[in-house]
>>> print(open('query19.pdb').read())   # PDB, C-alpha atoms
MODEL        1
ATOM      1  CA  MET M   1      -3.720   0.347  71.399  1.00  0.00           C
ATOM      2  CA  LYS M   2      -5.610   0.218  74.695  1.00  0.00           C
ATOM      3  CA  LYS M   3      -5.663   4.021  74.742  1.00  0.00           C
ATOM      4  CA  TYR M   4      -7.439   4.084  71.354  1.00  0.00           C
ATOM      5  CA  PHE M   5      -9.922   1.439  72.409  1.00  0.00           C
ATOM      6  CA  ILE M   6     -10.846   3.484  75.470  1.00  0.00           C
ATOM      7  CA  LEU M   7     -10.976   6.679  73.433  1.00  0.00           C
ATOM      8  CA  TYR M   8     -13.222   5.190  70.738  1.00  0.00           C
ATOM      9  CA  LYS M   9     -15.157   2.762  72.947  1.00  0.00           C
ATOM     10  CA  PRO M  10     -18.605   4.381  72.422  1.00  0.00           C
ATOM     11  CA  PHE M  11     -18.172   4.328  68.650  1.00  0.00           C
ATOM     12  CA  LEU M  12     -16.840   0.771  68.648  1.00  0.00           C
ATOM     13  CA  LEU M  13     -19.722  -0.435  70.825  1.00  0.00           C
ATOM     14  CA  PHE M  14     -22.225   1.281  68.534  1.00  0.00           C
ATOM     15  CA  LEU M  15     -20.574  -0.237  65.460  1.00  0.00           C
ATOM     16  CA  GLY M  16     -20.404  -3.703  67.014  1.00  0.00           C
ATOM     17  CA  LYS M  17     -24.041  -3.700  68.157  1.00  0.00           C
ATOM     18  CA  PHE M  18     -25.185  -2.321  64.797  1.00  0.00           C
ATOM     19  CA  LEU M  19     -23.255  -4.880  62.732  1.00  0.00           C
ATOM     20  CA  LEU M  20     -24.202  -7.812  64.972  1.00  0.00           C
ATOM     21  CA  THR M  21     -27.901  -6.900  64.895  1.00  0.00           C
ATOM     22  CA  TYR M  22     -27.872  -6.184  61.163  1.00  0.00           C
ATOM     23  CA  LEU M  23     -26.097  -9.437  60.298  1.00  0.00           C
ATOM     24  CA  LEU M  24     -28.324 -11.501  62.600  1.00  0.00           C
ATOM     25  CA  LEU M  25     -31.578 -10.013  61.272  1.00  0.00           C
ATOM     26  CA  THR M  26     -30.366 -10.268  57.681  1.00  0.00           C
ATOM     27  CA  PHE M  27     -29.479 -13.927  58.233  1.00  0.00           C
ATOM     28  CA  VAL M  28     -32.945 -14.626  59.683  1.00  0.00           C
ATOM     29  CA  TYR M  29     -34.605 -12.772  56.785  1.00  0.00           C
ATOM     30  CA  GLU M  30     -32.507 -14.561  54.149  1.00  0.00           C
ATOM     31  CA  SER M  31     -33.328 -17.891  55.829  1.00  0.00           C
ATOM     32  CA  TYR M  32     -37.016 -17.015  55.555  1.00  0.00           C
ATOM     33  CA  LEU M  33     -36.609 -16.144  51.867  1.00  0.00           C
ATOM     34  CA  THR M  34     -34.923 -19.462  51.031  1.00  0.00           C
ATOM     35  CA  GLN M  35     -38.300 -21.163  51.565  1.00  0.00           C
ATOM     36  CA  PHE M  36     -39.504 -19.630  48.292  1.00  0.00           C
ATOM     37  CA  ASP M  37     -38.281 -20.727  44.870  1.00  0.00           C
ATOM     38  CA  VAL M  38     -37.837 -17.669  42.658  1.00  0.00           C
ATOM     39  CA  ASN M  39     -37.348 -19.971  39.651  1.00  0.00           C
ATOM     40  CA  LYS M  40     -40.918 -21.198  40.193  1.00  0.00           C
ATOM     41  CA  PHE M  41     -42.065 -17.572  40.610  1.00  0.00           C
ATOM     42  CA  GLU M  42     -42.930 -18.103  44.274  1.00  0.00           C
ATOM     43  CA  VAL M  43     -43.424 -14.916  46.260  1.00  0.00           C
ATOM     44  CA  ASP M  44     -42.868 -14.698  49.991  1.00  0.00           C
ATOM     45  CA  GLY M  45     -45.886 -14.092  52.192  1.00  0.00           C
ATOM     46  CA  PHE M  46     -44.863 -10.656  53.432  1.00  0.00           C
ATOM     47  CA  THR M  47     -44.426  -9.331  49.892  1.00  0.00           C
ATOM     48  CA  GLN M  48     -47.893 -10.665  49.057  1.00  0.00           C
ATOM     49  CA  VAL M  49     -49.304  -8.859  52.107  1.00  0.00           C
ATOM     50  CA  VAL M  50     -47.644  -5.600  51.037  1.00  0.00           C
ATOM     51  CA  ALA M  51     -49.056  -5.993  47.511  1.00  0.00           C
ATOM     52  CA  LYS M  52     -52.559  -6.668  48.845  1.00  0.00           C
ATOM     53  CA  GLN M  53     -52.386  -3.764  51.284  1.00  0.00           C
ATOM     54  CA  SER M  54     -51.144  -1.419  48.541  1.00  0.00           C
ATOM     55  CA  LYS M  55     -54.093  -2.457  46.379  1.00  0.00           C
ATOM     56  CA  ASP M  56     -56.458  -2.040  49.336  1.00  0.00           C
ATOM     57  CA  VAL M  57     -55.191   1.507  49.946  1.00  0.00           C
ATOM     58  CA  MET M  58     -55.822   2.376  46.310  1.00  0.00           C
ATOM     59  CA  VAL M  59     -59.307   0.861  46.435  1.00  0.00           C
ATOM     60  CA  PHE M  60     -60.030   2.745  49.674  1.00  0.00           C
ATOM     61  CA  PHE M  61     -59.328   5.993  47.818  1.00  0.00           C
ATOM     62  CA  ASN M  62     -61.647   4.878  44.970  1.00  0.00           C
ATOM     63  CA  TYR M  63     -58.916   3.921  42.542  1.00  0.00           C
ATOM     64  CA  ASP M  64     -59.572   0.917  40.288  1.00  0.00           C
ATOM     65  CA  ALA M  65     -56.798  -1.392  41.512  1.00  0.00           C
ATOM     66  CA  THR M  66     -56.241  -5.141  41.362  1.00  0.00           C
ATOM     67  CA  ILE M  67     -53.368  -7.518  41.963  1.00  0.00           C
ATOM     68  CA  ALA M  68     -52.369 -10.774  40.305  1.00  0.00           C
ATOM     69  CA  PRO M  69     -49.367 -13.098  40.462  1.00  0.00           C
ATOM     70  CA  ASN M  70     -46.794 -12.422  37.766  1.00  0.00           C
ATOM     71  CA  ALA M  71     -46.765 -15.381  35.376  1.00  0.00           C
ATOM     72  CA  LYS M  72     -43.242 -14.783  34.011  1.00  0.00           C
ATOM     73  CA  GLN M  73     -41.258 -13.585  37.034  1.00  0.00           C
ATOM     74  CA  SER M  74     -41.383 -13.745  40.800  1.00  0.00           C
ATOM     75  CA  GLY M  75     -43.606 -10.953  42.053  1.00  0.00           C
ATOM     76  CA  VAL M  76     -47.124  -9.628  42.311  1.00  0.00           C
ATOM     77  CA  ASN M  77     -48.464  -7.337  39.591  1.00  0.00           C
ATOM     78  CA  LEU M  78     -50.361  -4.265  40.724  1.00  0.00           C
ATOM     79  CA  PHE M  79     -52.834  -2.920  38.182  1.00  0.00           C
ATOM     80  CA  TYR M  80     -54.398   0.529  38.054  1.00  0.00           C
ATOM     81  CA  ASN M  81     -57.278   1.053  35.588  1.00  0.00           C
ATOM     82  CA  ASN M  82     -56.487  -2.392  34.137  1.00  0.00           C
ATOM     83  CA  LYS M  83     -52.912  -1.333  33.324  1.00  0.00           C
ATOM     84  CA  MET M  84     -50.025  -3.046  35.072  1.00  0.00           C
ATOM     85  CA  MET M  85     -48.193  -0.308  36.953  1.00  0.00           C
ATOM     86  CA  ALA M  86     -45.834  -2.250  39.201  1.00  0.00           C
ATOM     87  CA  ARG M  87     -44.371  -5.644  39.868  1.00  0.00           C
ATOM     88  CA  ILE M  88     -44.008  -5.840  43.613  1.00  0.00           C
ATOM     89  CA  ILE M  89     -41.037  -8.004  44.489  1.00  0.00           C
ATOM     90  CA  GLU M  90     -39.234  -8.915  47.705  1.00  0.00           C
ATOM     91  CA  GLY M  91     -37.177  -5.718  47.546  1.00  0.00           C
ATOM     92  CA  CYS M  92     -40.365  -3.634  47.644  1.00  0.00           C
ATOM     93  CA  ASN M  93     -41.740  -5.067  50.873  1.00  0.00           C
ATOM     94  CA  GLY M  94     -39.716  -2.778  53.140  1.00  0.00           C
ATOM     95  CA  LEU M  95     -38.306  -5.486  55.403  1.00  0.00           C
ATOM     96  CA  SER M  96     -34.692  -4.680  54.556  1.00  0.00           C
ATOM     97  CA  VAL M  97     -35.368  -1.037  55.444  1.00  0.00           C
ATOM     98  CA  ILE M  98     -36.963  -2.123  58.729  1.00  0.00           C
ATOM     99  CA  ILE M  99     -33.909  -4.289  59.465  1.00  0.00           C
ATOM    100  CA  LEU M 100     -31.682  -1.243  58.943  1.00  0.00           C
ATOM    101  CA  PHE M 101     -33.939   0.842  61.217  1.00  0.00           C
ATOM    102  CA  VAL M 102     -34.015  -1.797  63.969  1.00  0.00           C
ATOM    103  CA  SER M 103     -30.233  -2.286  63.838  1.00  0.00           C
ATOM    104  CA  PHE M 104     -29.596   1.418  64.357  1.00  0.00           C
ATOM    105  CA  ILE M 105     -32.087   1.715  67.223  1.00  0.00           C
ATOM    106  CA  ILE M 106     -30.591  -1.299  69.006  1.00  0.00           C
ATOM    107  CA  ALA M 107     -27.092   0.105  68.494  1.00  0.00           C
ATOM    108  CA  PHE M 108     -28.267   3.330  70.183  1.00  0.00           C
ATOM    109  CA  SER M 109     -30.570   1.567  72.614  1.00  0.00           C
ATOM    110  CA  GLY M 110     -31.882   3.196  75.723  1.00  0.00           C
ATOM    111  CA  LYS M 111     -34.130   1.782  78.398  1.00  0.00           C
ATOM    112  CA  ILE M 112     -35.675  -1.537  77.404  1.00  0.00           C
ATOM    113  CA  LYS M 113     -39.376  -0.587  77.391  1.00  0.00           C
ATOM    114  CA  PRO M 114     -39.023   2.621  75.314  1.00  0.00           C
ATOM    115  CA  THR M 115     -36.620   0.807  72.971  1.00  0.00           C
ATOM    116  CA  ILE M 116     -39.070  -2.045  72.336  1.00  0.00           C
ATOM    117  CA  LEU M 117     -42.021   0.323  71.926  1.00  0.00           C
ATOM    118  CA  TYR M 118     -40.059   2.525  69.518  1.00  0.00           C
ATOM    119  CA  LEU M 119     -38.913  -0.508  67.517  1.00  0.00           C
ATOM    120  CA  ILE M 120     -42.496  -1.728  67.159  1.00  0.00           C
ATOM    121  CA  GLY M 121     -43.985   1.700  66.468  1.00  0.00           C
ATOM    122  CA  GLY M 122     -41.236   2.729  64.064  1.00  0.00           C
ATOM    123  CA  SER M 123     -41.393  -0.572  62.174  1.00  0.00           C
ATOM    124  CA  LEU M 124     -45.168  -0.259  61.824  1.00  0.00           C
ATOM    125  CA  LEU M 125     -44.833   3.343  60.643  1.00  0.00           C
ATOM    126  CA  ILE M 126     -42.207   2.379  58.055  1.00  0.00           C
ATOM    127  CA  HIS M 127     -44.468  -0.450  56.851  1.00  0.00           C
ATOM    128  CA  ILE M 128     -47.504   1.848  56.563  1.00  0.00           C
ATOM    129  CA  PHE M 129     -45.488   4.531  54.764  1.00  0.00           C
ATOM    130  CA  ASN M 130     -44.106   1.885  52.419  1.00  0.00           C
ATOM    131  CA  VAL M 131     -47.594   0.634  51.504  1.00  0.00           C
ATOM    132  CA  PHE M 132     -48.751   4.203  50.836  1.00  0.00           C
ATOM    133  CA  ARG M 133     -45.535   4.856  48.891  1.00  0.00           C
ATOM    134  CA  ILE M 134     -46.228   1.923  46.553  1.00  0.00           C
ATOM    135  CA  SER M 135     -49.864   2.960  46.082  1.00  0.00           C
ATOM    136  CA  LEU M 136     -48.996   6.570  45.354  1.00  0.00           C
ATOM    137  CA  LEU M 137     -46.158   5.544  43.058  1.00  0.00           C
ATOM    138  CA  CYS M 138     -48.546   3.479  40.920  1.00  0.00           C
ATOM    139  CA  VAL M 139     -51.031   6.319  40.592  1.00  0.00           C
ATOM    140  CA  LEU M 140     -48.336   8.884  39.769  1.00  0.00           C
ATOM    141  CA  MET M 141     -46.661   6.606  37.218  1.00  0.00           C
ATOM    142  CA  TYR M 142     -50.026   6.116  35.541  1.00  0.00           C
ATOM    143  CA  TYR M 143     -50.508   9.856  35.069  1.00  0.00           C
ATOM    144  CA  PHE M 144     -46.831  10.724  34.556  1.00  0.00           C
ATOM    145  CA  PRO M 145     -45.289   7.728  32.762  1.00  0.00           C
ATOM    146  CA  SER M 146     -42.336   9.752  31.470  1.00  0.00           C
ATOM    147  CA  GLN M 147     -41.331  10.403  35.109  1.00  0.00           C
ATOM    148  CA  GLN M 148     -41.190   6.719  36.068  1.00  0.00           C
ATOM    149  CA  HIS M 149     -37.420   6.618  36.585  1.00  0.00           C
ATOM    150  CA  PHE M 150     -37.417   9.820  38.650  1.00  0.00           C
ATOM    151  CA  LEU M 151     -40.391   8.727  40.775  1.00  0.00           C
ATOM    152  CA  HIS M 152     -39.230   5.148  41.357  1.00  0.00           C
ATOM    153  CA  GLY M 153     -35.500   5.806  41.508  1.00  0.00           C
ATOM    154  CA  VAL M 154     -35.292   9.146  43.330  1.00  0.00           C
ATOM    155  CA  VAL M 155     -38.467  10.472  44.937  1.00  0.00           C
ATOM    156  CA  PHE M 156     -39.793   7.342  46.582  1.00  0.00           C
ATOM    157  CA  PRO M 157     -36.470   5.982  47.921  1.00  0.00           C
ATOM    158  CA  LEU M 158     -35.924   9.451  49.351  1.00  0.00           C
ATOM    159  CA  PHE M 159     -39.398   9.225  50.901  1.00  0.00           C
ATOM    160  CA  ILE M 160     -38.829   5.881  52.653  1.00  0.00           C
ATOM    161  CA  TYR M 161     -35.210   6.470  53.681  1.00  0.00           C
ATOM    162  CA  GLY M 162     -36.075  10.010  54.744  1.00  0.00           C
ATOM    163  CA  THR M 163     -38.711   8.555  57.058  1.00  0.00           C
ATOM    164  CA  VAL M 164     -36.145   6.197  58.577  1.00  0.00           C
ATOM    165  CA  PHE M 165     -33.639   9.026  58.985  1.00  0.00           C
ATOM    166  CA  ILE M 166     -36.204  11.226  60.782  1.00  0.00           C
ATOM    167  CA  LEU M 167     -37.117   8.317  63.077  1.00  0.00           C
ATOM    168  CA  TRP M 168     -33.421   7.839  63.871  1.00  0.00           C
ATOM    169  CA  ILE M 169     -32.967  11.550  64.658  1.00  0.00           C
ATOM    170  CA  ILE M 170     -35.997  11.504  66.967  1.00  0.00           C
ATOM    171  CA  TRP M 171     -34.708   8.379  68.704  1.00  0.00           C
ATOM    172  CA  VAL M 172     -31.190   9.695  69.292  1.00  0.00           C
ATOM    173  CA  ASN M 173     -32.382  13.106  70.492  1.00  0.00           C
ATOM    174  CA  LYS M 174     -35.364  12.041  72.605  1.00  0.00           C
ATOM    175  CA  PHE M 175     -35.102   8.435  73.749  1.00  0.00           C
ATOM    176  CA  SER M 176     -31.619   6.922  73.463  1.00  0.00           C
ATOM    177  CA  LYS M 177     -29.203   6.844  76.360  1.00  0.00           C
ATOM    178  CA  TYR M 178     -27.330   9.649  74.595  1.00  0.00           C
ATOM    179  CA  ALA M 179     -30.356  11.976  74.545  1.00  0.00           C
ATOM    180  CA  THR M 180     -29.915  15.189  76.455  1.00  0.00           C
ATOM    181  CA  LYS M 181     -32.091  15.284  79.522  1.00  0.00           C
ATOM    182  CA  LYS M 182     -33.624  18.597  80.562  1.00  0.00           C
ATOM    183  CA  ILE M 183     -33.838  19.118  84.276  1.00  0.00           C
TER     184      ILE M 183
ENDMDL
END
>>> encode(input="query19.pdb", output="C-alpha cells")
Amino acid sequence: MKKYFILYKPFLLFLGKFLLTYLLLTFVYESYLTQFDVNKFEVDGFTQVVAKQSKDVMVFFNYDATIAPNAKQSGVNLFYNNKMMARIIEGCNGLSVIILFVSFIIAFSGKIKPTILYLIGGSLLIHIFNVFRISLLCVLMYYFPSQQHFLHGVVFPLFIYGTVFILWIIWVNKFSKYATKKI
C-alpha cells in the first residue's frame, strides 16, 4: 500500500488539495446564499451585480436594455427592446465556475505571489467574460429565438468553460510548479 501511495503521491496531493479547496469554497458560497430566501424571490447581491453589469454592457453598445426584479421567481429579468430575454439567477453569476477555477489553480499551485495574482486575474477575467456572455446571449436570442436552446445550452457554456480550460492550460504550462522551465 505504501508503494502505491509513494507512486501516486503527486496525483493524490493534487486531488486532496482540489477537493479540500472546492468543498471549502462551496461551503462558504452556500453559507452566503442561505441569507437569501428564494421563496420570497430574494436575489443575492452578486447575481444582482452581474445582471446590472450585463445590462450596462448592452447599454454601452447602444442596445436598449433594462433590468427588473422578477415578480414570480427568484432572479433578475434582463430586457432587450422591452422584451424579456433572460432571467438571471444565482447559477448565471459565474461564482461556481470561479470556485472550480480557483480550486484547480490551488491544487496546482506554484509560488505564492504568482498564484495569488493569477487567481485574482483569472477570476476577474472569468467574471468579465461571463458578463459579456450574458449580454451577447440576450442579443442573439432576440434575433435568433429558434436557437435559444443551442445558444444557452451549448455555445455559451462552451464559451465560459472553454475560457476556464484555457486559463488552466496556461497556468499548468507557464506558472505552476510543474511548468517546464527553459534555461
>>> resolve_selection(input="query19.pdb", expression="the PyMOL selection byres ((chain M and resi 49) around 12)", output="CSV table (one decimal) with C-alpha atoms, keeping the file's coordinate frame")
chain,number,residue,atom,x,y,z
M,43,VAL,CA,-43.4,-14.9,46.3
M,44,ASP,CA,-42.9,-14.7,50.0
M,45,GLY,CA,-45.9,-14.1,52.2
M,46,PHE,CA,-44.9,-10.7,53.4
M,47,THR,CA,-44.4,-9.3,49.9
M,48,GLN,CA,-47.9,-10.7,49.1
M,50,VAL,CA,-47.6,-5.6,51.0
M,51,ALA,CA,-49.1,-6.0,47.5
M,52,LYS,CA,-52.6,-6.7,48.8
M,53,GLN,CA,-52.4,-3.8,51.3
M,54,SER,CA,-51.1,-1.4,48.5
M,55,LYS,CA,-54.1,-2.5,46.4
M,56,ASP,CA,-56.5,-2.0,49.3
M,67,ILE,CA,-53.4,-7.5,42.0
M,75,GLY,CA,-43.6,-11.0,42.1
M,76,VAL,CA,-47.1,-9.6,42.3
M,88,ILE,CA,-44.0,-5.8,43.6
M,89,ILE,CA,-41.0,-8.0,44.5
M,90,GLU,CA,-39.2,-8.9,47.7
M,92,CYS,CA,-40.4,-3.6,47.6
M,93,ASN,CA,-41.7,-5.1,50.9
M,94,GLY,CA,-39.7,-2.8,53.1
M,95,LEU,CA,-38.3,-5.5,55.4
M,127,HIS,CA,-44.5,-0.4,56.9
M,128,ILE,CA,-47.5,1.8,56.6
M,130,ASN,CA,-44.1,1.9,52.4
M,131,VAL,CA,-47.6,0.6,51.5
>>> atom_distance(input="query19.pdb", atom1="atom CA of Ile99 of chain M", atom2="atom CA of Lys177 of chain M")
20.8 Å
>>> resolve_selection(input="query19.pdb", expression="the PyMOL selection byres ((chain M and resi 18) around 9)", output="ChimeraX atom specification")
/M:13-17,19-23,100,102-108
>>> write_last_selection(input="query19.pdb", atoms="C-alpha atoms", output="PDB file, in the coordinates of the input")
ATOM      1  CA  LEU M  13     -19.722  -0.435  70.825  1.00  0.00           C
ATOM      2  CA  PHE M  14     -22.225   1.281  68.534  1.00  0.00           C
ATOM      3  CA  LEU M  15     -20.574  -0.237  65.460  1.00  0.00           C
ATOM      4  CA  GLY M  16     -20.404  -3.703  67.014  1.00  0.00           C
ATOM      5  CA  LYS M  17     -24.041  -3.700  68.157  1.00  0.00           C
ATOM      6  CA  LEU M  19     -23.255  -4.880  62.732  1.00  0.00           C
ATOM      7  CA  LEU M  20     -24.202  -7.812  64.972  1.00  0.00           C
ATOM      8  CA  THR M  21     -27.901  -6.900  64.895  1.00  0.00           C
ATOM      9  CA  TYR M  22     -27.872  -6.184  61.163  1.00  0.00           C
ATOM     10  CA  LEU M  23     -26.097  -9.437  60.298  1.00  0.00           C
ATOM     11  CA  LEU M 100     -31.682  -1.243  58.943  1.00  0.00           C
ATOM     12  CA  VAL M 102     -34.015  -1.797  63.969  1.00  0.00           C
ATOM     13  CA  SER M 103     -30.233  -2.286  63.838  1.00  0.00           C
ATOM     14  CA  PHE M 104     -29.596   1.418  64.357  1.00  0.00           C
ATOM     15  CA  ILE M 105     -32.087   1.715  67.223  1.00  0.00           C
ATOM     16  CA  ILE M 106     -30.591  -1.299  69.006  1.00  0.00           C
ATOM     17  CA  ALA M 107     -27.092   0.105  68.494  1.00  0.00           C
ATOM     18  CA  PHE M 108     -28.267   3.330  70.183  1.00  0.00           C
TER      19      PHE M 108
END
>>> resolve_selection(input="query19.pdb", expression="the PyMOL selection byres ((chain M and resi 164-173) around 12)", output="VMD selection string")
chain M and resid 94 96 to 111 114 to 119 121 to 127 129 to 130 157 to 163 174 to 182
>>> atom_distance(input="query19.pdb", atom1="atom CA of Leu12 of chain M", atom2="atom CA of Glu30 of chain M")
26.3 Å
>>> closest_residue(input="query19.pdb", among="M:Leu151, M:Ala71, M:Ile6, M:Leu136", to="Phe41 of chain M", atoms="only C-alpha atoms")
M:Ala71
>>> decode(input="query19.pdb", residues="segment 113-143 of chain M", atoms="N, CA and C atoms", output="PDB file, in the first residue's frame")
ATOM      1  N   LYS M 113       3.127  34.401  -4.767  1.00  0.00           N
ATOM      2  CA  LYS M 113       2.747  35.655  -5.416  1.00  0.00           C
ATOM      3  C   LYS M 113       2.132  35.418  -6.805  1.00  0.00           C
ATOM      4  N   PRO M 114       2.780  34.630  -7.680  1.00  0.00           N
ATOM      5  CA  PRO M 114       2.146  34.373  -8.984  1.00  0.00           C
ATOM      6  C   PRO M 114       0.799  33.647  -8.844  1.00  0.00           C
ATOM      7  N   THR M 115       0.699  32.754  -7.860  1.00  0.00           N
ATOM      8  CA  THR M 115      -0.560  32.034  -7.658  1.00  0.00           C
ATOM      9  C   THR M 115      -1.680  33.008  -7.295  1.00  0.00           C
ATOM     10  N   ILE M 116      -1.420  33.890  -6.347  1.00  0.00           N
ATOM     11  CA  ILE M 116      -2.439  34.861  -5.920  1.00  0.00           C
ATOM     12  C   ILE M 116      -2.809  35.802  -7.065  1.00  0.00           C
ATOM     13  N   LEU M 117      -1.798  36.293  -7.770  1.00  0.00           N
ATOM     14  CA  LEU M 117      -2.067  37.200  -8.898  1.00  0.00           C
ATOM     15  C   LEU M 117      -2.872  36.499  -9.993  1.00  0.00           C
ATOM     16  N   TYR M 118      -2.541  35.241 -10.269  1.00  0.00           N
ATOM     17  CA  TYR M 118      -3.264  34.502 -11.304  1.00  0.00           C
ATOM     18  C   TYR M 118      -4.700  34.213 -10.858  1.00  0.00           C
ATOM     19  N   LEU M 119      -4.872  33.901  -9.580  1.00  0.00           N
ATOM     20  CA  LEU M 119      -6.226  33.668  -9.057  1.00  0.00           C
ATOM     21  C   LEU M 119      -7.080  34.919  -9.207  1.00  0.00           C
ATOM     22  N   ILE M 120      -6.525  36.057  -8.851  1.00  0.00           N
ATOM     23  CA  ILE M 120      -7.277  37.320  -8.949  1.00  0.00           C
ATOM     24  C   ILE M 120      -7.538  37.670 -10.411  1.00  0.00           C
ATOM     25  N   GLY M 121      -6.488  37.651 -11.222  1.00  0.00           N
ATOM     26  CA  GLY M 121      -6.643  37.995 -12.636  1.00  0.00           C
ATOM     27  C   GLY M 121      -7.558  37.045 -13.375  1.00  0.00           C
ATOM     28  N   GLY M 122      -7.399  35.752 -13.141  1.00  0.00           N
ATOM     29  CA  GLY M 122      -8.251  34.762 -13.800  1.00  0.00           C
ATOM     30  C   GLY M 122      -9.705  34.881 -13.377  1.00  0.00           C
ATOM     31  N   SER M 123      -9.932  35.104 -12.087  1.00  0.00           N
ATOM     32  CA  SER M 123     -11.305  35.260 -11.582  1.00  0.00           C
ATOM     33  C   SER M 123     -11.969  36.491 -12.188  1.00  0.00           C
ATOM     34  N   LEU M 124     -11.210  37.585 -12.264  1.00  0.00           N
ATOM     35  CA  LEU M 124     -11.750  38.804 -12.892  1.00  0.00           C
ATOM     36  C   LEU M 124     -12.052  38.571 -14.374  1.00  0.00           C
ATOM     37  N   LEU M 125     -11.160  37.893 -15.061  1.00  0.00           N
ATOM     38  CA  LEU M 125     -11.376  37.602 -16.483  1.00  0.00           C
ATOM     39  C   LEU M 125     -12.609  36.728 -16.688  1.00  0.00           C
ATOM     40  N   ILE M 126     -12.768  35.711 -15.869  1.00  0.00           N
ATOM     41  CA  ILE M 126     -13.954  34.844 -15.958  1.00  0.00           C
ATOM     42  C   ILE M 126     -15.209  35.671 -15.707  1.00  0.00           C
ATOM     43  N   HIS M 127     -15.170  36.550 -14.704  1.00  0.00           N
ATOM     44  CA  HIS M 127     -16.331  37.395 -14.408  1.00  0.00           C
ATOM     45  C   HIS M 127     -16.664  38.298 -15.595  1.00  0.00           C
ATOM     46  N   ILE M 128     -15.649  38.952 -16.156  1.00  0.00           N
ATOM     47  CA  ILE M 128     -15.881  39.850 -17.298  1.00  0.00           C
ATOM     48  C   ILE M 128     -16.427  39.069 -18.488  1.00  0.00           C
ATOM     49  N   PHE M 129     -15.830  37.926 -18.786  1.00  0.00           N
ATOM     50  CA  PHE M 129     -16.326  37.100 -19.896  1.00  0.00           C
ATOM     51  C   PHE M 129     -17.763  36.652 -19.634  1.00  0.00           C
ATOM     52  N   ASN M 130     -18.079  36.345 -18.389  1.00  0.00           N
ATOM     53  CA  ASN M 130     -19.433  35.910 -18.068  1.00  0.00           C
ATOM     54  C   ASN M 130     -20.449  37.026 -18.302  1.00  0.00           C
ATOM     55  N   VAL M 131     -20.107  38.244 -17.906  1.00  0.00           N
ATOM     56  CA  VAL M 131     -21.000  39.391 -18.117  1.00  0.00           C
ATOM     57  C   VAL M 131     -21.217  39.609 -19.621  1.00  0.00           C
ATOM     58  N   PHE M 132     -20.141  39.570 -20.391  1.00  0.00           N
ATOM     59  CA  PHE M 132     -20.267  39.720 -21.843  1.00  0.00           C
ATOM     60  C   PHE M 132     -21.041  38.555 -22.457  1.00  0.00           C
ATOM     61  N   ARG M 133     -20.855  37.369 -21.912  1.00  0.00           N
ATOM     62  CA  ARG M 133     -21.574  36.178 -22.388  1.00  0.00           C
ATOM     63  C   ARG M 133     -23.079  36.370 -22.220  1.00  0.00           C
ATOM     64  N   ILE M 134     -23.500  36.841 -21.054  1.00  0.00           N
ATOM     65  CA  ILE M 134     -24.926  37.055 -20.793  1.00  0.00           C
ATOM     66  C   ILE M 134     -25.475  38.127 -21.735  1.00  0.00           C
ATOM     67  N   SER M 135     -24.745  39.211 -21.888  1.00  0.00           N
ATOM     68  CA  SER M 135     -25.186  40.305 -22.765  1.00  0.00           C
ATOM     69  C   SER M 135     -25.339  39.829 -24.206  1.00  0.00           C
ATOM     70  N   LEU M 136     -24.331  39.154 -24.696  1.00  0.00           N
ATOM     71  CA  LEU M 136     -24.358  38.655 -26.067  1.00  0.00           C
ATOM     72  C   LEU M 136     -25.446  37.607 -26.251  1.00  0.00           C
ATOM     73  N   LEU M 137     -25.633  36.763 -25.265  1.00  0.00           N
ATOM     74  CA  LEU M 137     -26.679  35.748 -25.327  1.00  0.00           C
ATOM     75  C   LEU M 137     -28.055  36.390 -25.494  1.00  0.00           C
ATOM     76  N   CYS M 138     -28.317  37.446 -24.745  1.00  0.00           N
ATOM     77  CA  CYS M 138     -29.615  38.131 -24.841  1.00  0.00           C
ATOM     78  C   CYS M 138     -29.840  38.716 -26.231  1.00  0.00           C
ATOM     79  N   VAL M 139     -28.826  39.345 -26.770  1.00  0.00           N
ATOM     80  CA  VAL M 139     -28.950  39.940 -28.102  1.00  0.00           C
ATOM     81  C   VAL M 139     -29.165  38.847 -29.149  1.00  0.00           C
ATOM     82  N   LEU M 140     -28.372  37.783 -29.075  1.00  0.00           N
ATOM     83  CA  LEU M 140     -28.504  36.707 -30.068  1.00  0.00           C
ATOM     84  C   LEU M 140     -29.847  35.989 -29.957  1.00  0.00           C
ATOM     85  N   MET M 141     -30.327  35.796 -28.732  1.00  0.00           N
ATOM     86  CA  MET M 141     -31.633  35.130 -28.577  1.00  0.00           C
ATOM     87  C   MET M 141     -32.768  36.009 -29.089  1.00  0.00           C
ATOM     88  N   TYR M 142     -32.580  37.311 -29.037  1.00  0.00           N
ATOM     89  CA  TYR M 142     -33.585  38.227 -29.563  1.00  0.00           C
ATOM     90  C   TYR M 142     -33.708  38.058 -31.082  1.00  0.00           C
ATOM     91  N   TYR M 143     -32.566  37.989 -31.747  1.00  0.00           N
ATOM     92  CA  TYR M 143     -32.562  37.899 -33.208  1.00  0.00           C
ATOM     93  C   TYR M 143     -32.696  36.464 -33.725  1.00  0.00           C
TER      94      TYR M 143
END
